[in-house]
Every structure is written in structure tokens, then in C-alpha cells.
file data.txt (compact mmCIF, C-alpha atoms)
# COMPACT_ATOMS: atom_id res chain seq x y z
CA MET A 1 -95.78 54.96 30.98
CA ASN A 2 -96.73 52.71 28.06
CA ARG A 3 -94.35 51.72 25.34
CA PRO A 4 -95.80 53.67 22.38
CA LEU A 5 -95.78 56.81 24.54
CA LEU A 6 -92.12 56.23 25.44
CA ILE A 7 -91.23 55.86 21.78
CA ALA A 8 -93.15 59.04 20.96
CA VAL A 9 -91.30 60.94 23.68
CA ALA A 10 -87.97 59.59 22.39
CA ALA A 11 -88.92 60.68 18.88
CA ILE A 12 -89.64 64.20 20.11
CA VAL A 13 -86.35 64.30 22.03
CA TYR A 14 -84.56 63.18 18.88
CA LEU A 15 -86.27 65.81 16.73
CA VAL A 16 -85.26 68.56 19.16
CA ALA A 17 -81.66 67.31 19.40
CA ALA A 18 -81.36 66.85 15.64
CA TRP A 19 -82.76 70.31 14.99
CA MET A 20 -79.94 71.88 17.00
CA VAL A 21 -77.19 70.62 14.68
CA ALA A 22 -76.64 70.54 10.94
CA PRO A 23 -78.32 67.63 9.15
CA GLY A 24 -76.46 64.47 8.27
CA PHE A 25 -74.87 63.38 11.52
CA TYR A 26 -76.19 59.89 12.10
CA ASP A 27 -74.80 58.09 9.09
CA GLY A 28 -71.66 57.23 10.99
CA PHE A 29 -69.27 57.73 8.13
CA ALA A 30 -69.78 61.09 6.49
CA PRO A 31 -70.40 63.96 8.86
CA PRO A 32 -70.25 67.39 7.25
CA GLN A 33 -66.83 67.82 5.68
CA PRO A 34 -65.09 70.72 7.47
CA TYR A 35 -64.37 73.65 5.21
CA ASN A 36 -63.17 77.13 6.02
CA TRP A 37 -65.28 79.43 3.90
CA VAL A 38 -64.58 82.93 2.73
CA CYS A 39 -68.29 83.28 1.96
CA PRO A 40 -70.08 80.53 3.93
CA PRO A 41 -73.19 79.04 2.36
CA VAL A 42 -76.33 78.91 4.49
CA ALA A 43 -75.73 75.20 4.99
CA ALA A 44 -72.43 75.83 6.78
CA GLY A 45 -74.27 77.17 9.82
CA ALA A 46 -72.18 76.97 12.97
CA ASN A 47 -69.40 75.16 11.14
CA SER A 48 -68.21 78.30 9.39
CA SER A 49 -66.36 80.02 12.21
CA LEU A 50 -62.79 79.41 10.97
CA LYS A 51 -61.28 81.74 8.39
CA ALA A 52 -59.89 80.35 5.17
CA ALA A 53 -56.10 80.16 5.40
CA SER A 54 -53.42 81.37 3.03
CA GLY A 55 -50.19 79.62 2.09
CA HIS A 56 -46.58 80.52 1.37
CA LEU A 57 -43.75 78.49 -0.14
CA VAL A 58 -40.11 79.19 -0.92
CA ILE A 59 -38.68 76.94 -3.60
CA ASN A 60 -34.91 76.61 -3.83
CA VAL A 61 -33.21 76.97 -7.18
CA ILE A 62 -30.22 74.66 -7.62
CA ASP A 63 -28.05 74.77 -10.73
CA GLY A 64 -30.62 77.00 -12.40
CA SER A 65 -33.49 74.59 -11.86
CA SER A 66 -36.28 74.97 -9.32
CA ASP A 67 -36.73 72.13 -6.84
CA PRO A 68 -39.88 70.03 -6.84
CA ASN A 69 -42.22 71.14 -4.07
CA SER A 70 -45.86 71.74 -3.16
CA ALA A 71 -47.54 74.90 -2.01
CA PHE A 72 -50.65 74.65 0.13
CA THR A 73 -52.78 76.68 2.44
CA ASP A 74 -52.47 76.05 6.17
CA ASP A 75 -55.90 74.42 6.20
CA GLY A 76 -54.97 72.19 3.26
CA GLN A 77 -57.91 73.29 1.14
CA ILE A 78 -55.80 73.86 -1.95
CA VAL A 79 -52.51 72.23 -2.90
CA ILE A 80 -50.42 72.85 -5.98
CA GLY A 81 -47.51 70.56 -6.79
CA PHE A 82 -44.57 71.66 -8.92
CA LEU A 83 -42.21 69.38 -10.83
CA PRO A 84 -38.42 69.94 -10.93
CA GLY A 85 -37.69 72.89 -13.18
CA ALA A 86 -41.33 73.98 -13.18
CA PHE A 87 -40.35 77.67 -13.08
CA ASP A 88 -38.21 79.89 -15.25
CA ALA A 89 -35.52 80.38 -12.61
CA THR A 90 -33.19 82.55 -14.64
CA GLY A 91 -31.13 84.70 -12.27
CA LYS A 92 -32.88 83.43 -9.16
CA THR A 93 -31.75 81.44 -6.14
CA GLN A 94 -35.24 81.12 -4.68
CA ILE A 95 -38.78 81.34 -5.98
CA THR A 96 -41.66 82.40 -3.76
CA VAL A 97 -45.19 81.07 -4.22
CA ASP A 98 -48.16 82.57 -2.39
CA ILE A 99 -51.73 81.34 -2.12
CA THR A 100 -54.39 83.77 -0.92
CA PRO A 101 -58.13 83.23 -0.50
CA VAL A 102 -59.95 85.86 -2.54
CA SER A 103 -62.36 88.20 -0.80
CA PRO A 104 -64.95 89.35 -1.74
CA CYS A 105 -65.99 86.13 -3.41
CA PRO A 106 -66.15 86.38 -7.20
CA LYS A 107 -69.61 85.61 -8.59
CA PRO A 108 -69.14 85.47 -12.33
CA ALA A 109 -72.06 84.90 -14.66
CA GLY A 110 -72.23 81.33 -15.88
CA VAL A 111 -70.19 79.81 -13.06
CA HIS A 112 -71.20 78.85 -9.53
CA PHE A 113 -68.26 78.20 -7.23
CA ALA A 114 -68.54 75.39 -4.71
CA THR A 115 -65.24 76.32 -3.06
CA ASN A 116 -63.37 79.45 -2.14
CA VAL A 117 -61.53 81.20 -4.93
CA TYR A 118 -57.78 81.37 -4.43
CA LEU A 119 -55.13 83.54 -6.02
CA ILE A 120 -51.87 81.69 -6.63
CA THR A 121 -48.88 83.87 -7.49
CA ALA A 122 -45.15 83.30 -7.91
CA ASP A 123 -42.24 85.62 -8.57
CA ALA A 124 -41.18 83.52 -11.55
CA LYS A 125 -43.01 82.30 -14.61
CA LEU A 126 -44.42 78.78 -14.57
CA ILE A 127 -43.03 76.93 -17.56
CA MET A 128 -44.14 73.39 -16.77
CA LYS A 129 -47.56 72.09 -15.90
CA ALA A 130 -48.44 71.82 -12.21
CA ASN A 131 -50.97 69.63 -10.43
CA LEU A 132 -53.70 71.46 -8.54
CA VAL A 133 -55.91 69.79 -5.90
CA MET A 134 -58.90 71.59 -4.39
CA VAL A 135 -60.86 70.32 -1.41
CA TYR A 136 -64.61 70.88 -1.29
CA SER A 137 -67.31 70.43 1.33
CA ASN A 138 -70.17 67.94 1.16
CA LEU A 139 -72.48 70.66 2.44
CA VAL A 140 -72.77 71.89 -1.14
CA PRO A 141 -73.16 70.04 -4.44
CA ALA A 142 -69.83 68.60 -5.55
CA PRO A 143 -68.06 70.74 -8.16
CA SER A 144 -67.52 69.38 -11.66
CA PHE A 145 -64.64 71.52 -12.85
CA VAL A 146 -61.77 73.68 -11.72
CA TYR A 147 -62.02 77.17 -13.19
CA GLN A 148 -59.17 79.56 -13.82
CA ALA A 149 -58.99 83.27 -14.55
CA GLN A 150 -56.37 86.00 -14.65
CA ASP A 151 -58.77 88.48 -13.09
CA PRO A 152 -61.45 87.78 -10.45
CA ASN A 153 -64.00 89.43 -12.72
CA GLY A 154 -63.20 86.91 -15.41
CA PRO A 155 -63.34 85.54 -17.94
CA TRP A 156 -63.34 82.18 -16.12
CA GLN A 157 -62.36 79.09 -18.06
CA SER A 158 -62.78 75.45 -17.11
CA ILE A 159 -59.51 73.56 -16.97
CA GLY A 160 -61.22 70.22 -16.34
CA GLY A 161 -61.30 68.30 -13.12
CA ASN A 162 -60.92 64.74 -11.90
CA GLU A 163 -62.08 63.25 -8.63
CA GLY A 164 -59.04 62.39 -6.53
CA GLN A 165 -59.41 61.54 -2.89
CA ILE A 166 -62.92 61.90 -1.62
CA TYR A 167 -64.12 65.51 -1.55
CA THR A 168 -61.25 66.68 -3.74
CA LEU A 169 -61.04 67.75 -7.36
CA GLN A 170 -57.75 67.91 -9.21
CA ALA A 171 -56.65 69.51 -12.46
CA THR A 172 -53.51 70.36 -14.36
CA VAL A 173 -52.59 74.02 -14.64
CA SER A 174 -50.20 75.63 -17.08
CA GLN A 175 -50.24 79.13 -15.62
CA LEU A 176 -50.94 80.63 -12.23
CA GLY A 177 -53.79 82.99 -11.40
CA TYR A 178 -57.21 82.72 -9.79
CA PHE A 179 -58.67 79.26 -9.17
CA GLY A 180 -62.00 77.97 -7.93
CA ALA A 181 -63.93 74.71 -8.24
CA GLY A 182 -67.55 74.81 -9.26
CA TYR A 183 -70.26 74.20 -11.78
CA PRO A 184 -71.75 75.86 -14.80
CA SER A 185 -74.60 77.88 -13.28
CA ASN A 186 -77.33 76.04 -15.15
CA ALA A 187 -76.04 72.69 -13.83
CA VAL A 188 -76.14 74.02 -10.28
CA ASN A 189 -79.70 75.16 -10.67
CA GLN A 190 -80.86 71.76 -11.83
CA ASN A 191 -78.87 69.87 -9.25
CA SER A 192 -79.63 71.97 -6.20
CA SER A 193 -83.29 72.06 -7.11
CA GLY A 194 -83.43 68.30 -7.30
CA THR A 195 -81.47 67.89 -4.08
CA SER A 196 -83.58 70.31 -2.10
CA GLN A 197 -86.88 68.84 -3.31
CA LEU A 198 -86.14 65.14 -3.28
CA LEU A 199 -85.65 64.71 0.47
CA PRO A 200 -88.86 66.47 1.58
CA ILE A 201 -90.79 64.52 -1.05
CA ALA A 202 -89.24 61.25 0.11
CA VAL A 203 -90.12 61.97 3.74
CA ALA A 204 -93.64 63.02 2.79
CA VAL A 205 -94.07 59.76 0.86
CA LEU A 206 -92.77 57.84 3.89
CA ILE A 207 -95.24 59.54 6.23
CA VAL A 208 -98.20 59.06 3.88
CA GLY A 209 -97.17 55.46 3.26
CA VAL A 210 -96.94 54.73 6.98
CA VAL A 211 -100.34 56.26 7.63
CA ILE A 212 -102.07 54.57 4.68
CA ALA A 213 -100.50 51.17 5.31
CA GLY A 214 -100.87 51.49 9.06
CA ILE A 215 -104.65 51.81 9.07
CA PRO A 216 -105.42 48.38 7.56
CA LEU A 217 -102.62 46.80 9.58
CA ALA A 218 -104.01 48.27 12.78
CA MET A 219 -107.50 47.07 11.88
CA LEU A 220 -106.23 43.57 11.15
CA ARG A 221 -104.30 43.49 14.39
CA ARG A 222 -107.26 44.73 16.41
CA ARG A 223 -109.51 42.13 14.78
CA SER A 224 -107.06 39.29 15.39
CA ALA A 225 -106.46 40.47 18.95
CA GLY A 226 -110.15 40.10 19.63
CA GLN A 227 -110.12 36.53 18.46
CA VAL A 228 -107.04 35.00 20.02
CA ASP A 229 -104.72 35.89 22.84
CA GLU A 230 -101.24 36.79 21.77
CA GLU A 231 -98.32 34.59 22.59
CA ASP A 232 -95.42 36.20 24.36
CA ASP A 233 -92.99 35.24 21.61
CA GLU A 234 -89.50 36.77 21.72
CA ASP A 235 -89.43 36.74 17.93
CA GLU A 236 -92.58 38.74 17.45
CA PRO A 237 -92.77 42.51 17.33
CA GLU A 238 -95.16 44.04 19.79
CA THR A 239 -95.95 47.34 18.16
CA THR A 240 -99.31 47.81 19.81
CA ARG A 241 -98.84 45.96 23.06
CA ARG A 242 -99.49 47.98 26.19
CA THR A 243 -97.69 47.47 29.48
CA MET B 244 -64.08 30.82 27.27
CA SER B 245 -67.70 30.49 26.12
CA ALA B 246 -68.49 28.54 29.29
CA VAL B 247 -67.12 31.39 31.39
CA PHE B 248 -69.22 33.93 29.51
CA ALA B 249 -72.31 31.73 29.77
CA THR B 250 -72.16 31.98 33.55
CA ARG B 251 -71.08 35.61 33.61
CA PRO B 252 -73.35 37.56 31.27
CA ALA B 253 -72.08 40.92 32.60
CA ALA B 254 -68.51 40.03 31.64
CA ARG B 255 -69.69 38.92 28.22
CA ALA B 256 -71.60 42.17 27.69
CA ALA B 257 -68.54 44.18 28.75
CA VAL B 258 -66.28 42.30 26.35
CA ILE B 259 -68.78 42.71 23.49
CA GLY B 260 -69.14 46.42 24.18
CA ALA B 261 -65.37 46.91 24.35
CA TYR B 262 -64.94 45.01 21.10
CA MET B 263 -67.50 47.20 19.33
CA LEU B 264 -65.92 50.40 20.57
CA LEU B 265 -62.52 49.15 19.47
CA VAL B 266 -63.86 48.34 16.00
CA GLU B 267 -65.68 51.65 15.60
CA TRP B 268 -62.81 53.80 16.86
CA THR B 269 -60.33 51.93 14.69
CA ARG B 270 -62.63 52.44 11.72
CA ALA B 271 -62.96 56.14 12.46
CA LEU B 272 -59.18 56.55 12.59
CA ALA B 273 -58.60 54.40 9.51
CA MET B 274 -61.10 56.47 7.53
CA THR B 275 -58.82 59.48 7.85
CA ILE B 276 -56.10 57.73 5.84
CA PRO B 277 -56.25 58.86 2.20
CA GLY B 278 -57.88 56.21 0.04
CA ALA B 279 -58.90 54.08 3.01
CA LEU B 280 -62.45 55.34 3.46
CA VAL B 281 -64.34 52.58 1.66
CA PRO B 282 -62.11 49.69 2.78
CA ALA B 283 -62.28 50.94 6.38
CA ILE B 284 -66.07 51.08 6.31
CA LEU B 285 -66.43 47.67 4.71
CA LEU B 286 -63.91 46.02 7.03
CA GLY B 287 -65.37 47.80 10.06
CA GLY B 288 -68.87 46.70 9.08
CA GLY B 289 -67.66 43.15 8.65
CA ALA B 290 -65.95 43.22 12.03
CA LEU B 291 -69.18 44.40 13.67
CA MET B 292 -71.17 41.67 11.95
CA VAL B 293 -68.78 39.04 13.31
CA SER B 294 -70.12 39.77 16.78
CA ALA B 295 -73.46 38.28 15.75
CA ILE B 296 -72.01 34.82 15.19
CA GLY B 297 -73.57 32.33 17.57
CA TRP B 298 -76.55 34.46 18.46
CA PRO B 299 -79.94 33.09 17.43
CA ALA B 300 -81.83 35.51 15.19
CA PRO B 301 -84.83 35.91 17.53
CA LYS B 302 -82.50 36.97 20.34
CA LEU B 303 -81.30 39.78 18.10
CA GLY B 304 -84.83 40.87 17.26
CA LEU B 305 -84.67 39.43 13.77
CA GLY B 306 -87.46 37.42 12.22
CA THR B 307 -90.11 37.41 9.55
CA SER B 308 -93.23 37.20 11.70
CA ARG B 309 -95.49 40.23 11.27
CA LEU B 310 -93.16 41.47 8.63
CA GLY B 311 -95.63 44.13 7.54
CA LEU B 312 -95.52 45.75 10.95
CA ARG B 313 -91.73 45.56 11.04
CA ILE B 314 -91.40 47.18 7.62
CA LEU B 315 -93.98 49.80 8.48
CA GLY B 316 -92.12 50.55 11.69
CA GLY B 317 -88.90 50.92 9.74
CA LEU B 318 -90.49 53.41 7.37
CA ALA B 319 -91.89 55.35 10.32
CA LEU B 320 -88.48 55.44 12.02
CA ALA B 321 -86.89 56.59 8.77
CA ALA B 322 -89.43 59.40 8.49
CA VAL B 323 -88.64 60.55 12.02
CA LEU B 324 -84.86 60.30 11.49
CA LEU B 325 -85.03 62.26 8.24
CA LEU B 326 -87.59 64.87 9.25
CA PRO B 327 -85.14 67.49 10.61
CA ALA B 328 -83.03 67.19 7.44
CA ALA B 329 -86.08 67.22 5.15
CA VAL B 330 -87.34 70.46 6.65
CA ARG B 331 -83.89 71.96 6.01
CA ALA B 332 -83.18 70.13 2.78
CA SER B 333 -80.93 72.84 1.40
CA GLU B 334 -78.60 72.32 4.36
CA ALA B 335 -78.31 68.57 4.04
CA PRO B 336 -74.89 67.20 3.13
CA ILE B 337 -74.58 65.39 -0.14
CA ILE B 338 -72.90 62.03 0.01
CA PRO B 339 -71.42 60.73 -3.24
CA ALA B 340 -73.53 58.00 -4.84
CA SER B 341 -70.49 55.74 -4.77
CA LEU B 342 -70.90 55.50 -1.00
CA ALA B 343 -74.44 54.10 -1.18
CA LEU B 344 -73.34 50.48 -0.86
CA VAL B 345 -71.06 51.14 2.08
CA ALA B 346 -73.83 53.18 3.70
CA VAL B 347 -76.06 50.12 3.59
CA VAL B 348 -73.29 47.86 4.91
CA ILE B 349 -72.37 50.04 7.87
CA SER B 350 -75.93 50.88 8.88
CA VAL B 351 -76.98 47.20 8.88
CA ALA B 352 -73.80 46.24 10.74
CA GLN B 353 -74.24 48.94 13.37
CA GLU B 354 -77.84 47.94 14.06
CA ILE B 355 -77.00 44.25 14.35
CA ALA B 356 -74.03 45.05 16.59
CA PHE B 357 -75.45 47.70 18.92
CA ARG B 358 -79.23 47.12 18.98
CA GLY B 359 -78.85 43.41 18.22
CA VAL B 360 -75.88 41.73 19.90
CA LEU B 361 -74.93 44.30 22.54
CA TYR B 362 -78.58 44.93 23.45
CA ALA B 363 -79.18 41.19 23.87
CA ALA B 364 -76.04 40.72 25.94
CA LEU B 365 -76.92 43.64 28.22
CA ASP B 366 -80.51 42.43 28.47
CA GLU B 367 -79.31 39.08 29.75
CA ALA B 368 -76.88 40.78 32.13
CA GLY B 369 -79.17 43.36 33.68
CA GLY B 370 -82.53 43.57 31.97
CA ALA B 371 -84.15 45.97 29.56
CA PRO B 372 -83.17 49.27 31.25
CA LEU B 373 -79.49 48.33 31.16
CA ALA B 374 -79.84 47.15 27.56
CA ILE B 375 -81.49 50.40 26.43
CA ILE B 376 -79.16 52.73 28.28
CA GLY B 377 -76.01 50.67 27.77
CA SER B 378 -76.47 50.20 24.03
CA THR B 379 -77.24 53.90 23.62
CA VAL B 380 -74.15 54.96 25.58
CA ALA B 381 -71.94 52.56 23.62
CA TRP B 382 -73.46 53.72 20.31
CA THR B 383 -72.81 57.34 21.22
CA ALA B 384 -69.26 56.63 22.38
CA ALA B 385 -68.63 54.75 19.14
CA HIS B 386 -69.30 57.97 17.23
CA ALA B 387 -67.04 60.10 19.43
CA LEU B 388 -64.08 59.98 17.07
CA SER B 389 -65.99 60.38 13.83
CA HIS B 390 -68.30 63.22 14.82
CA PRO B 391 -67.81 66.67 16.34
CA PRO B 392 -68.83 66.77 20.04
CA ALA B 393 -71.81 69.00 19.29
CA PHE B 394 -73.38 66.24 17.22
CA LEU B 395 -73.21 63.57 19.91
CA TRP B 396 -76.44 64.58 21.65
CA ALA B 397 -78.34 64.04 18.43
CA VAL B 398 -76.52 60.75 17.86
CA ALA B 399 -77.46 59.68 21.38
CA ALA B 400 -81.10 60.67 20.87
CA ALA B 401 -81.24 58.64 17.65
CA GLY B 402 -79.69 55.67 19.45
CA LEU B 403 -82.18 55.97 22.31
CA LEU B 404 -85.12 56.06 19.90
CA LEU B 405 -83.94 52.96 18.07
CA ALA B 406 -83.15 51.13 21.32
CA LEU B 407 -86.59 51.92 22.72
CA TRP B 408 -88.15 50.53 19.56
CA ARG B 409 -86.00 47.42 19.94
CA TRP B 410 -87.29 47.02 23.50
CA ALA B 411 -90.92 47.95 22.97
CA CYS B 412 -91.43 45.87 19.84
CA LYS B 413 -88.75 43.20 20.37
CA ASP B 414 -87.78 44.03 16.81
CA LEU B 415 -84.54 44.91 15.05
CA VAL B 416 -85.86 44.85 11.48
CA ALA B 417 -87.47 48.27 11.79
CA PRO B 418 -84.33 49.98 13.19
CA ILE B 419 -82.31 48.40 10.37
CA ILE B 420 -84.75 49.66 7.72
CA GLY B 421 -84.94 53.11 9.30
CA HIS B 422 -81.17 53.42 9.63
CA VAL B 423 -80.51 52.25 6.06
CA ILE B 424 -83.04 54.65 4.55
CA ALA B 425 -81.73 57.54 6.64
CA ASP B 426 -78.15 56.84 5.57
CA LEU B 427 -79.07 56.46 1.90
CA ALA B 428 -81.10 59.65 1.89
CA LEU B 429 -78.19 61.76 3.12
call {"tool": "encode", "arguments": {"input": "data.txt", "output": "C-alpha cells"}}
result
Amino acid sequence: MNRPLLIAVAAIVYLVAAWMVAPGFYDGFAPPQPYNWVCPPVAAGANSSLKAASGHLVINVIDGSSDPNSAFTDDGQIVIGFLPGAFDATGKTQITVDITPVSPCPKPAGVHFATNVYLITADAKLIMKANLVMVYSNLVPAPSFVYQAQDPNGPWQSIGGNEGQIYTLQATVSQLGYFGAGYPSNAVNQNSSGTSQLLPIAVAVLIVGVVIAGIPLAMLRRRSAGQVDEEDDEDEPETTRRT
Amino acid sequence: MSAVFATRPAARAAVIGAYMLLVEWTRALAMTIPGALVPAILLGGGALMVSAIGWPAPKLGLGTSRLGLRILGGLALAAVLLLPAAVRASEAPIIPASLALVAVVISVAQEIAFRGVLYAALDEAGGAPLAIIGSTVAWTAAHALSHPPAFLWAVAAAGLLLALWRWACKDLVAPIIGHVIADLAL
């Protein structure tokens, strides 16, 4: 079997193998970020089998002040950290915080969520700001803001958002309720359109470029091959040599 | 030590392969530490590049002769590597732009290490078949900790394609170009 044919067979084997898994595996440093979706996007494919987890936290109240602590879901997709005395602990010895993924997924006008929406509740009023961290997946465009609402039907308000660790967005919250990270809808439309079109265009340009540039190169090589015998130089590529 | 390896190419290839697996697995584990992603990739890439010290460039498949063909081959390999993702563009993961530089570093380092140094060492130890198969197996094993098991067949197929190019064309420039473009595009 000659060398170009072997490479062609290997290319076909690769295409078949690559088609059977989600794109983006060969970069060696950023495979699809695992995320447990309530409403999986198409891109999640086979990676969407795990259910989004809920979380529960009991905060002790000592001398009338709530302890510092963090509530998080079991899958770590949302974490909220409370400072000492963050809650109005009047008459309480413990404060319970619950985090629940919201289903069905809210789809408010004007906002496109890139994460699950979570409901965070407590049996005491939050009186100090808390730090909220939401994990997102790289299978979808990264969210720009954390949104908050008191009702899943809205209104949803942006409470800002800063990149923390990779694939996380953090914000400061002053009251509990519904939280999700996402984009303004018009930003998502522009971004996803560009993302989905750029790669096919880039590959098409690559293919056309290879074909157009390959024809004169092949002609030059054929012409030079007719004039002189090639040296068997270790340094030289042998793209058209036959065995 | 170098004299021992000069007379025992198989031992040298084994040591090189073990070193690369150690570097890649350490990098994969270090990347899980919060805040350590970029440093781990850069240090891991540097550690892979160290393996090329002492190897003449032509042995690694590097050179500037027939550069047009090498570049063209790299573009063709990139097109093949990206085709499955391009057809399903809406499913492709989006890597933050801040990782572009480290993507270039790690893809160049991996090619020089696996299809350059390890391939050359295995070639001297047992010929082209061992070099192609051995470098592909090591490349796949290197991804075992950073990728879900289901992805490893595709990783292996990509490694085999690049190794076959390395063998058929005695060229590493094209695999480097193809790997860099593929990493930057996703």
C-alpha cells in the first residue's frame, strides 16, 4: 500500500472516530467542560446524562450571629458564600439554606441563560452581601452576567459578573432568589451566529487553499521530478513519493 | 549515561516515552488545581520541549526545504482535523481567547515531543512501524487523564494520522501547523 493511500485511510479512520464524539477533544487541554444540565443544549450530546444536583446547608447561630459558611450544590455548579452575621438570626439557633435547580427552565424574553437557573432560599433574611459563583460549560458561549429574579417568570435583572476561575462567573448578591448566568438575547444571537459560521468558513478556506495552492506545487514537483532524480534526504518531505 | 543510551536505543526510547507520559499526566493533574491551568500548560509544554535538546532538527522532521509543501500539508491536516467540528459547528466547545497562546505552546510542544523526539527514538530502536505505533500509543496514553475514555479513540486516530504523515513525508512541520490551527480553532 503506498504512502498517500495510507494517509488517506488514516484520515478516514480519524473522521469516523471524531464523528462519534463531541467536537473539541484533541486540543489536549480543554475537553468539554462537564456540566449537569436541567435543559441540555444540543451540544451537550452524550455528556448530558447526569442530573443537576441540589444543595443544603445548615448554618449555626452563635451569640445571635450566623457563622460564615458556603452553600453549594453537590455537583459544585453554584456556590454562595456567606460572611459572619450575613443573616438576620433573631430568635434562631440555626439557619437553613437550600439550593434547587429550577425545572422547567425559565426562558425570559431578553435573556438567554448559559447555565441552569437555581433557586436559593433561606429561612432567615439575608442582611449582608454574599458572594455567588456559577460554573458554566464551554459547550455554550460564555455568559456575561449573573441574572437574578424573585420569580422564574421575571423580571430578571443583571447583577453583574466577573470571571473568576476558568469557566466560572461570580457576582455579589444582596438578596436570595432565582439565579442564572447568561447573556442579553441580542448578544447571544450575534455571538452564536459568528461562532457557528466562522469554523465552517475557516475549514472551507483551508480546503480551497490547499487545492488551489496544491495544483501549481504538484505541477512544479512533477516537472522537477522529470529533470533530476530526488535525493533520499532525511530532511526533505516526501509528499508525493511512492513506495 | 548518554553513552549507554547511544548503544541501547530501545532503552533510550523507553526512557523518553516514560518521561513524556510523566510530564503529560502531571500536567493533567496540575490543571485541576484552581488557578493552575495556564502555568501547568506552559510548564508542561516547556518540559516536553526539553526532550528535544540534543536532537538534530532533521532527525525530528524539521527543516525549511520544500517549505511550501510542508505548509500546504499542514493546512490539509488542519482541514481534516477540523472537518468533524466544522460540520457540527454549533456543538463545538468555545475556548476563551486568553488560552490562544497556551494552545500554541502545548500543540507545538506535543508535536515536537511525540512525533519528533519519541518518533525518532523509536525509529532508531525498531524502525518506522514501531515509531508510528509507539508514538501513537504514547500520545493516546498521555491524554488518558485529561480526556474522558470515550474520546481516546478519536485522540488515537488523530495521533495515527499525524504519525503516518511524519513517516510518509519525513516531515514534522505539517503536523505542527495542523495541530496548532486545530487547537486555535476550537
call {"tool": "atom_distance", "arguments": {"input": "data.txt", "atom1": "atom CA of Ala261 of chain B", "atom2": "atom CA of Ala385 of chain B"}}
result
10.0 Å
call {"tool": "residues_near_point", "arguments": {"input": "data.txt", "point": "(-78.8, 71.1, 15.6)", "cutoff": "9 Å", "atoms": "all atoms listed in the file", "output": "PyMOL selection string"}}
result
(chain A and resi 16-23) or (chain B and resi 327+393-394+397)
call {"tool": "atom_distance", "arguments": {"input": "data.txt", "atom1": "atom CA of Ile80 of chain A", "atom2": "atom CA of Ile95 of chain A"}}
result
14.4 Å
call {"tool": "closest_residue", "arguments": {"input": "data.txt", "among": "B:Gly370, B:Gly306, B:Pro299, B:Gly316", "to": "Pro252 of chain B", "atoms": "only C-alpha atoms"}}
result
B:Gly370
call {"tool": "residues_around", "arguments": {"input": "data.txt", "residues": "Ala89 of chain A", "least_positions_apart": "5", "cutoff": "9 Å", "atoms": "all atoms listed in the file", "output": "list in words"}}
result
Val61, Gly64, Ser65, Ser66, Gln94, Ile95, Ala124 and Lys125 of chain A
call {"tool": "atom_distance", "arguments": {"input": "data.txt", "atom1": "atom CA of Asp151 of chain A", "atom2": "atom CA of Ala171 of chain A"}}
result
19.1 Å
call {"tool": "closest_residue", "arguments": {"input": "data.txt", "among": "B:Val360, B:Ala295, B:Leu373, B:Val348", "to": "chain A", "atoms": "only C-alpha atoms"}}
result
B:Val348
call {"tool": "closest_residue", "arguments": {"input": "data.txt", "among": "B:Ile420, B:Ile375, B:Ala425, B:Val293", "to": "Ala399 of chain B", "atoms": "only C-alpha atoms"}}
result
B:Ile375
call {"tool": "residues_around", "arguments": {"input": "data.txt", "residues": "segment 208-222 of chain A", "least_positions_apart": "4", "cutoff": "8 Å", "atoms": "all atoms listed in the file", "output": "number ranges by chain"}}
result
A: 204, 226; B: 311-312, 315-316, 318-319
call {"tool": "write_last_selection", "arguments": {"input": "data.txt", "atoms": "C-alpha atoms", "output": "mmCIF file, keeping the file's coordinate frame"}}
result
data_model
loop_
_atom_site.group_PDB
_atom_site.id
_atom_site.type_symbol
_atom_site.label_atom_id
_atom_site.label_comp_id
_atom_site.auth_asym_id
_atom_site.auth_seq_id
_atom_site.Cartn_x
_atom_site.Cartn_y
_atom_site.Cartn_z
ATOM 1 C CA ALA A 204 -93.640 63.020 2.790
ATOM 2 C CA GLY A 226 -110.150 40.100 19.630
ATOM 3 C CA GLY B 311 -95.630 44.130 7.540
ATOM 4 C CA LEU B 312 -95.520 45.750 10.950
ATOM 5 C CA LEU B 315 -93.980 49.800 8.480
ATOM 6 C CA GLY B 316 -92.120 50.550 11.690
ATOM 7 C CA LEU B 318 -90.490 53.410 7.370
ATOM 8 C CA ALA B 319 -91.890 55.350 10.320
#
call {"tool": "residues_around", "arguments": {"input": "data.txt", "residues": "Leu344 of chain B", "least_positions_apart": "2", "cutoff": "12 Å", "atoms": "all atoms listed in the file", "output": "PyMOL selection string"}}
result
chain B and resi 281-282+284-285+288+338-342+346-351+423-424+426-427
call {"tool": "residues_around", "arguments": {"input": "data.txt", "residues": "Ile127 of chain A", "least_positions_apart": "5", "cutoff": "12 Å", "atoms": "all atoms listed in the file", "output": "list in words"}}
result
Ser65, Ser66, Phe82, Leu83, Pro84, Gly85, Ala86, Phe87, Asp88, Ala89, Thr90, Ala122, Val173, Ser174, Gln175 and Leu176 of chain A
call {"tool": "residues_around", "arguments": {"input": "data.txt", "residues": "Ala71 of chain A", "least_positions_apart": "3", "cutoff": "10 Å", "atoms": "all atoms listed in the file", "output": "PyMOL selection string"}}
result
chain A and resi 55-59+74+76+78-82+96-99+120+132
call {"tool": "closest_residue", "arguments": {"input": "data.txt", "among": "B:Gly369, B:Gly359, B:Pro301, B:Gly377", "to": "chain A", "atoms": "all atoms listed in the file"}}
result
B:Pro301
call {"tool": "closest_residue", "arguments": {"input": "data.txt", "among": "A:Ala149, A:Val135, A:Ala11, A:Ala181", "to": "Leu325 of chain B", "atoms": "all atoms listed in the file"}}
result
A:Ala11
call {"tool": "closest_residue", "arguments": {"input": "data.txt", "among": "B:Ile314, B:Trp268, B:Asp366, B:Ala328", "to": "His390 of chain B", "atoms": "only C-alpha atoms"}}
result
B:Trp268
call {"tool": "residues_near_point", "arguments": {"input": "data.txt", "point": "(-65.8, 85.8, -1.2)", "cutoff": "8 Å", "atoms": "only C-alpha atoms", "output": "PyMOL selection string"}}
result
chain A and resi 38-39+102-106+116-117
